[in-house]
$ cat final.pdb   # PDB, C-alpha atoms and all ligand atoms
ATOM      1  CA  MET A1371     -21.295 -13.177  23.503
ATOM      2  CA  MET A1372     -19.006 -12.713  20.515
ATOM      3  CA  LEU A1373     -16.644 -10.157  22.032
ATOM      4  CA  THR A1374     -13.870 -11.574  24.176
ATOM      5  CA  ALA A1375     -13.215 -10.207  27.661
ATOM      6  CA  GLU A1376     -10.061  -8.612  26.250
ATOM      7  CA  SER A1377     -12.012  -6.782  23.534
ATOM      8  CA  VAL A1378     -14.573  -5.600  26.081
ATOM      9  CA  ASP A1379     -11.752  -4.272  28.270
ATOM     10  CA  ARG A1380     -10.206  -2.490  25.296
ATOM     11  CA  ILE A1381     -13.531  -0.905  24.369
ATOM     12  CA  ARG A1382     -14.025   0.243  27.979
ATOM     13  CA  GLU A1383     -10.512   1.665  27.975
ATOM     14  CA  ALA A1384     -11.151   3.472  24.664
ATOM     15  CA  ALA A1385     -14.279   5.027  26.160
ATOM     16  CA  THR A1386     -12.249   6.585  28.972
ATOM     17  CA  LYS A1387     -10.190   8.558  26.441
ATOM     18  CA  TYR A1388     -13.053  10.730  25.197
ATOM     19  CA  PRO A1389     -15.225  13.290  26.961
ATOM     20  CA  GLN A1390     -18.233  11.908  25.049
ATOM     21  CA  VAL A1391     -18.672   8.144  25.138
ATOM     22  CA  ARG A1392     -20.119   8.270  21.604
ATOM     23  CA  SER A1393     -16.672   9.232  20.341
ATOM     24  CA  ALA A1394     -15.544   5.731  21.303
ATOM     25  CA  ILE A1395     -17.954   4.093  18.832
ATOM     26  CA  LEU A1396     -15.473   4.032  15.949
ATOM     27  CA  PRO A1397     -12.611   2.642  18.092
ATOM     28  CA  ALA A1398     -15.062   0.068  19.477
ATOM     29  CA  LEU A1399     -16.117  -0.998  15.975
ATOM     30  CA  THR A1400     -12.453  -1.316  15.027
ATOM     31  CA  ILE A1401     -11.686  -3.463  18.074
ATOM     32  CA  ALA A1402     -14.678  -5.719  17.354
ATOM     33  CA  TYR A1403     -13.820  -5.991  13.670
ATOM     34  CA  ARG A1404     -10.205  -6.875  14.391
ATOM     35  CA  GLN A1405     -11.297  -9.608  16.773
ATOM     36  CA  ILE A1406     -14.192 -11.092  14.788
ATOM     37  CA  GLY A1407     -13.413 -10.202  11.171
ATOM     38  CA  HIS A1408     -16.804  -8.671  10.407
ATOM     39  CA  LEU A1409     -19.642  -6.807  12.118
ATOM     40  CA  ASN A1410     -23.345  -7.581  12.563
ATOM     41  CA  GLU A1411     -26.399  -6.712  14.674
ATOM     42  CA  ASP A1412     -25.383  -8.980  17.561
ATOM     43  CA  ILE A1413     -22.022  -7.251  17.769
ATOM     44  CA  TYR A1414     -23.697  -3.810  17.700
ATOM     45  CA  ASP A1415     -25.849  -4.917  20.646
ATOM     46  CA  GLU A1416     -22.797  -6.036  22.577
ATOM     47  CA  ILE A1417     -20.908  -2.798  21.913
ATOM     48  CA  ALA A1418     -24.022  -0.824  22.825
ATOM     49  CA  GLU A1419     -24.194  -2.602  26.153
ATOM     50  CA  VAL A1420     -20.532  -1.967  26.916
ATOM     51  CA  LEU A1421     -20.752   1.729  25.985
ATOM     52  CA  SER A1422     -24.309   2.236  27.291
ATOM     53  CA  VAL A1423     -25.510   3.828  24.057
ATOM     54  CA  PRO A1424     -28.445   2.713  21.884
ATOM     55  CA  SER A1425     -27.605  -0.159  19.534
ATOM     56  CA  GLY A1426     -29.085   1.832  16.630
ATOM     57  CA  GLU A1427     -26.333   4.423  17.004
ATOM     58  CA  ILE A1428     -23.675   1.735  16.735
ATOM     59  CA  ALA A1429     -25.350   0.283  13.628
ATOM     60  CA  GLU A1430     -25.694   3.741  12.088
ATOM     61  CA  ALA A1431     -21.995   4.490  12.624
ATOM     62  CA  ALA A1432     -20.975   1.082  11.249
ATOM     63  CA  SER A1433     -23.032   1.654   8.104
ATOM     64  CA  PHE A1434     -20.816   4.636   7.206
ATOM     65  CA  TYR A1435     -17.645   2.603   7.146
ATOM     66  CA  THR A1436     -17.246   0.290   4.180
ATOM     67  CA  MET A1437     -13.984  -1.046   5.593
ATOM     68  CA  PHE A1438     -16.009  -3.036   8.109
ATOM     69  CA  PRO A1439     -17.588  -6.026   6.350
ATOM     70  CA  LYS A1440     -21.101  -6.802   7.572
ATOM     71  CA  LYS A1441     -20.941 -10.554   6.990
ATOM     72  CA  PRO A1442     -18.210 -13.186   7.376
ATOM     73  CA  VAL A1443     -15.384 -12.802   4.864
ATOM     74  CA  GLY A1444     -12.297 -14.774   3.879
ATOM     75  CA  LYS A1445      -9.017 -14.666   5.754
ATOM     76  CA  TYR A1446      -7.875 -11.921   3.377
ATOM     77  CA  LEU A1447     -10.385  -9.168   2.653
ATOM     78  CA  ILE A1448      -9.333  -7.501  -0.605
ATOM     79  CA  GLN A1449     -10.810  -4.029  -0.763
ATOM     80  CA  VAL A1450     -10.224  -2.524  -4.167
ATOM     81  CA  CYS A1451     -10.677   1.221  -4.493
ATOM     82  CA  HIS A1452     -12.755   2.121  -7.537
ATOM     83  CA  ASN A1453     -12.911   5.878  -7.044
ATOM     84  CA  ILE A1454     -11.787   8.443  -9.579
ATOM     85  CA  SER A1455      -7.980   8.271  -9.417
ATOM     86  CA  CYS A1456      -7.943   4.493  -9.196
ATOM     87  CA  ALA A1457     -10.644   4.252 -11.891
ATOM     88  CA  LEU A1458      -8.595   6.412 -14.250
ATOM     89  CA  LEU A1459      -5.589   4.167 -13.703
ATOM     90  CA  GLY A1460      -7.351   0.866 -14.295
ATOM     91  CA  ALA A1461      -9.326  -0.130 -11.180
ATOM     92  CA  GLU A1462     -12.051  -1.829 -13.238
ATOM     93  CA  SER A1463      -9.575  -3.915 -15.147
ATOM     94  CA  LEU A1464      -7.826  -4.745 -11.881
ATOM     95  CA  ILE A1465     -11.120  -5.899 -10.323
ATOM     96  CA  ALA A1466     -11.907  -8.000 -13.395
ATOM     97  CA  TYR A1467      -8.432  -9.508 -13.194
ATOM     98  CA  LEU A1468      -8.831 -10.379  -9.517
ATOM     99  CA  GLU A1469     -12.259 -11.916 -10.190
ATOM    100  CA  GLN A1470     -10.812 -14.044 -12.969
ATOM    101  CA  LYS A1471      -7.699 -14.977 -11.008
ATOM    102  CA  LEU A1472      -9.571 -15.971  -7.853
ATOM    103  CA  GLY A1473     -12.650 -17.386  -9.620
ATOM    104  CA  VAL A1474     -15.150 -15.321  -7.613
ATOM    105  CA  GLN A1475     -17.103 -12.117  -8.192
ATOM    106  CA  VAL A1476     -16.985  -8.942  -6.124
ATOM    107  CA  GLY A1477     -18.753  -9.652  -2.823
ATOM    108  CA  GLU A1478     -17.895 -13.356  -2.896
ATOM    109  CA  THR A1479     -15.365 -15.482  -1.013
ATOM    110  CA  THR A1480     -13.166 -18.159  -2.558
ATOM    111  CA  PRO A1481     -14.188 -21.748  -1.678
ATOM    112  CA  ASP A1482     -10.997 -22.183   0.366
ATOM    113  CA  ASN A1483     -12.189 -19.239   2.497
ATOM    114  CA  LEU A1484      -8.990 -17.319   1.838
ATOM    115  CA  PHE A1485     -10.038 -14.304  -0.254
ATOM    116  CA  THR A1486     -13.048 -12.006  -0.433
ATOM    117  CA  ILE A1487     -13.124  -9.185  -2.981
ATOM    118  CA  VAL A1488     -15.069  -5.988  -2.333
ATOM    119  CA  ARG A1489     -15.196  -2.580  -3.970
ATOM    120  CA  VAL A1490     -14.614   0.409  -1.730
ATOM    121  CA  GLU A1491     -14.627   4.152  -2.043
ATOM    122  CA  CYS A1492     -11.446   6.230  -1.934
ATOM    123  CA  LEU A1493      -8.961   4.939   0.635
ATOM    124  CA  GLY A1494      -6.990   8.182   0.589
ATOM    125  CA  SER A1495      -4.066   6.849  -1.388
ATOM    126  CA  CYS A1496      -4.988   8.430  -4.726
ATOM    127  CA  ALA A1497      -1.396   9.395  -5.578
ATOM    128  CA  THR A1498      -0.435   5.718  -5.653
ATOM    129  CA  ALA A1499      -3.453   4.548  -7.670
ATOM    130  CA  PRO A1500      -4.554   1.980  -8.495
ATOM    131  CA  MET A1501      -4.506   0.487  -5.040
ATOM    132  CA  MET A1502      -6.199  -1.937  -2.709
ATOM    133  CA  GLN A1503      -6.227  -2.705   0.967
ATOM    134  CA  ILE A1504      -5.901  -6.297   2.161
ATOM    135  CA  ASN A1505      -6.862  -6.634   5.812
ATOM    136  CA  HIS A1506      -4.841  -3.824   7.408
ATOM    137  CA  ASP A1507      -2.216  -3.285   4.705
ATOM    138  CA  TYR A1508      -2.173  -1.037   1.637
ATOM    139  CA  TYR A1509      -0.901  -2.308  -1.723
ATOM    140  CA  GLU A1510      -0.250   0.500  -4.168
ATOM    141  CA  ASN A1511       0.765   1.252  -7.775
ATOM    142  CA  LEU A1512      -0.761  -2.070  -8.737
ATOM    143  CA  THR A1513      -0.137  -3.979 -11.921
ATOM    144  CA  ARG A1514      -1.313  -7.484 -12.818
ATOM    145  CA  LYS A1515       2.162  -8.765 -12.168
ATOM    146  CA  ARG A1516       2.187  -7.208  -8.714
ATOM    147  CA  VAL A1517      -1.257  -8.628  -7.953
ATOM    148  CA  ASP A1518       0.010 -12.090  -8.921
ATOM    149  CA  ALA A1519       2.949 -11.704  -6.537
ATOM    150  CA  ILE A1520       0.744 -10.426  -3.693
ATOM    151  CA  ILE A1521      -1.781 -13.260  -4.021
ATOM    152  CA  GLU A1522       0.996 -15.835  -4.179
ATOM    153  CA  GLN A1523       2.658 -14.317  -1.121
ATOM    154  CA  LEU A1524      -0.603 -14.430   0.843
ATOM    155  CA  ARG A1525      -1.275 -18.008  -0.214
ATOM    156  CA  SER A1526       2.126 -19.138   0.979
ATOM    157  CA  GLU A1527       1.801 -17.067   4.152
ATOM    158  CA  SER A1528      -1.487 -18.823   4.826
ATOM    159  CA  ARG A1529      -0.027 -22.272   4.123
ATOM    160  CA  ALA A1530       2.684 -21.434   6.657
ATOM    161  CA  GLY A1531       0.013 -20.449   9.190
ATOM    162  CA  GLY A1532       0.669 -16.744   8.721
ATOM    163  CA  LYS A1533      -1.039 -13.616   9.994
ATOM    164  CA  GLN A1534      -4.734 -12.823  10.025
TER     165      GLN A1534
HETATM  166  S1  LIG B1601      -9.223   7.150  -5.645
HETATM  167 FE1  LIG B1601      -8.356   5.287  -5.017
HETATM  168  S2  LIG B1601      -7.335   5.821  -3.188
HETATM  169 FE2  LIG B1601      -8.316   7.636  -3.767
END
$ encode --input "final.pdb" --output "structure tokens"
Amino acid sequence: MMLTAESVDRIREAATKYPQVRSAILPALTIAYRQIGHLNEDIYDEIAEVLSVPSGEIAEAASFYTMFPKKPVGKYLIQVCHNISCALLGAESLIAYLEQKLGVQVGETTPDNLFTIVRVECLGSCATAPMMQINHDYYENLTRKRVDAIIEQLRSESRAGGKQ
């Protein structure tokens, strides 16, 4: 069992808020992701059992949402938007800069297990392009200088035992 009793309770509680239990699938995926840091087939099975819906439906829903990684990732999941507005304002160069700075390619995790870089579709913050999401926070109007500051801040936060 990967889900904690607390997560199971929260998923059950979420299910009570909707007339259709299927509507609780997205909240359930979010709860599981926030606890575990990624999703996989075992987690879909556990959510399916809690919600009493077929596991395939959970997996199908999860496949729509790129913000849920499907394998273990670093402490900080850097999701860089590469859609049109961000692309026009330098997303590719930003991704290349991050890859060079962190020494890993998109889809990979740094050896210290701190950072994973992924590309994602539009995160709905096009007016502040280029942007990225790290864990639950948005970082917008990015420049190389700002990326340097963000990475340094996260490194020191991690050294100090900071947030997940
Ligand atoms: S195009 Fe990047 S947030 Fe919309």
$ residues_near_ligand --input "final.pdb" --ligand "ligand LIG 1601 (chain B)" --cutoff "9 Å" --atoms "all atoms listed in the file" --output "PDB file with C-alpha atoms, in the frame of the given file"
ATOM      1  CA  VAL A1450     -10.224  -2.524  -4.167  1.00  0.00           C
ATOM      2  CA  CYS A1451     -10.677   1.221  -4.493  1.00  0.00           C
ATOM      3  CA  HIS A1452     -12.755   2.121  -7.537  1.00  0.00           C
ATOM      4  CA  ASN A1453     -12.911   5.878  -7.044  1.00  0.00           C
ATOM      5  CA  ILE A1454     -11.787   8.443  -9.579  1.00  0.00           C
ATOM      6  CA  SER A1455      -7.980   8.271  -9.417  1.00  0.00           C
ATOM      7  CA  CYS A1456      -7.943   4.493  -9.196  1.00  0.00           C
ATOM      8  CA  ALA A1457     -10.644   4.252 -11.891  1.00  0.00           C
ATOM      9  CA  LEU A1458      -8.595   6.412 -14.250  1.00  0.00           C
ATOM     10  CA  ALA A1461      -9.326  -0.130 -11.180  1.00  0.00           C
ATOM     11  CA  VAL A1490     -14.614   0.409  -1.730  1.00  0.00           C
ATOM     12  CA  GLU A1491     -14.627   4.152  -2.043  1.00  0.00           C
ATOM     13  CA  CYS A1492     -11.446   6.230  -1.934  1.00  0.00           C
ATOM     14  CA  LEU A1493      -8.961   4.939   0.635  1.00  0.00           C
ATOM     15  CA  GLY A1494      -6.990   8.182   0.589  1.00  0.00           C
ATOM     16  CA  SER A1495      -4.066   6.849  -1.388  1.00  0.00           C
ATOM     17  CA  CYS A1496      -4.988   8.430  -4.726  1.00  0.00           C
ATOM     18  CA  ALA A1497      -1.396   9.395  -5.578  1.00  0.00           C
ATOM     19  CA  THR A1498      -0.435   5.718  -5.653  1.00  0.00           C
ATOM     20  CA  ALA A1499      -3.453   4.548  -7.670  1.00  0.00           C
ATOM     21  CA  PRO A1500      -4.554   1.980  -8.495  1.00  0.00           C
ATOM     22  CA  MET A1501      -4.506   0.487  -5.040  1.00  0.00           C
ATOM     23  CA  MET A1502      -6.199  -1.937  -2.709  1.00  0.00           C
ATOM     24  CA  GLU A1510      -0.250   0.500  -4.168  1.00  0.00           C
TER      25      GLU A1510
END
$ resolve_selection --input "final.pdb" --expression "the PyMOL selection byres (((chain A and resi 1521) around 12) and not hetatm)" --output "list in words"
Tyr1446, Leu1447, Ile1448, Tyr1467, Leu1468, Lys1471, Leu1472, Leu1484, Phe1485, Thr1486, Ile1504, Tyr1509, Arg1514, Lys1515, Arg1516, Val1517, Asp1518, Ala1519, Ile1520, Glu1522, Gln1523, Leu1524, Arg1525, Ser1526, Glu1527 and Ser1528 of chain A
$ resolve_selection --input "final.pdb" --expression "the PyMOL selection byres (((chain A and resi 1427) around 12) and not hetatm)" --output "PyMOL selection string"
chain A and resi 1391-1396+1399+1411+1414-1415+1417-1419+1421-1426+1428-1434
$ axis_aligned_box --input "final.pdb" --around "segment 1389-1399 of chain A" --padding-each-side "3 Å" --output "JSON"
{"center_x": -16.4, "center_y": 6.1, "center_z": 21.5, "size_x": 13.5, "size_y": 20.3, "size_z": 17.0}
$ atom_distance --input "final.pdb" --atom1 "atom CA of Val1443 of chain A" --atom2 "atom CA of Arg1380 of chain A"
23.5 Å
$ closest_residue --input "final.pdb" --among "A:Gly1444, A:Pro1439, A:Gly1407, A:Pro1397" --to "Thr1480 of chain A" --atoms "all atoms listed in the file"
A:Gly1444
$ closest_residue --input "final.pdb" --among "A:Arg1489, A:Asp1379, A:Asp1482, A:Ile1413" --to "Arg1529 of chain A" --atoms "all atoms listed in the file"
A:Asp1482
$ atom_distance --input "final.pdb" --atom1 "atom CA of Lys1387 of chain A" --atom2 "atom CA of Ala1402 of chain A"
17.5 Å
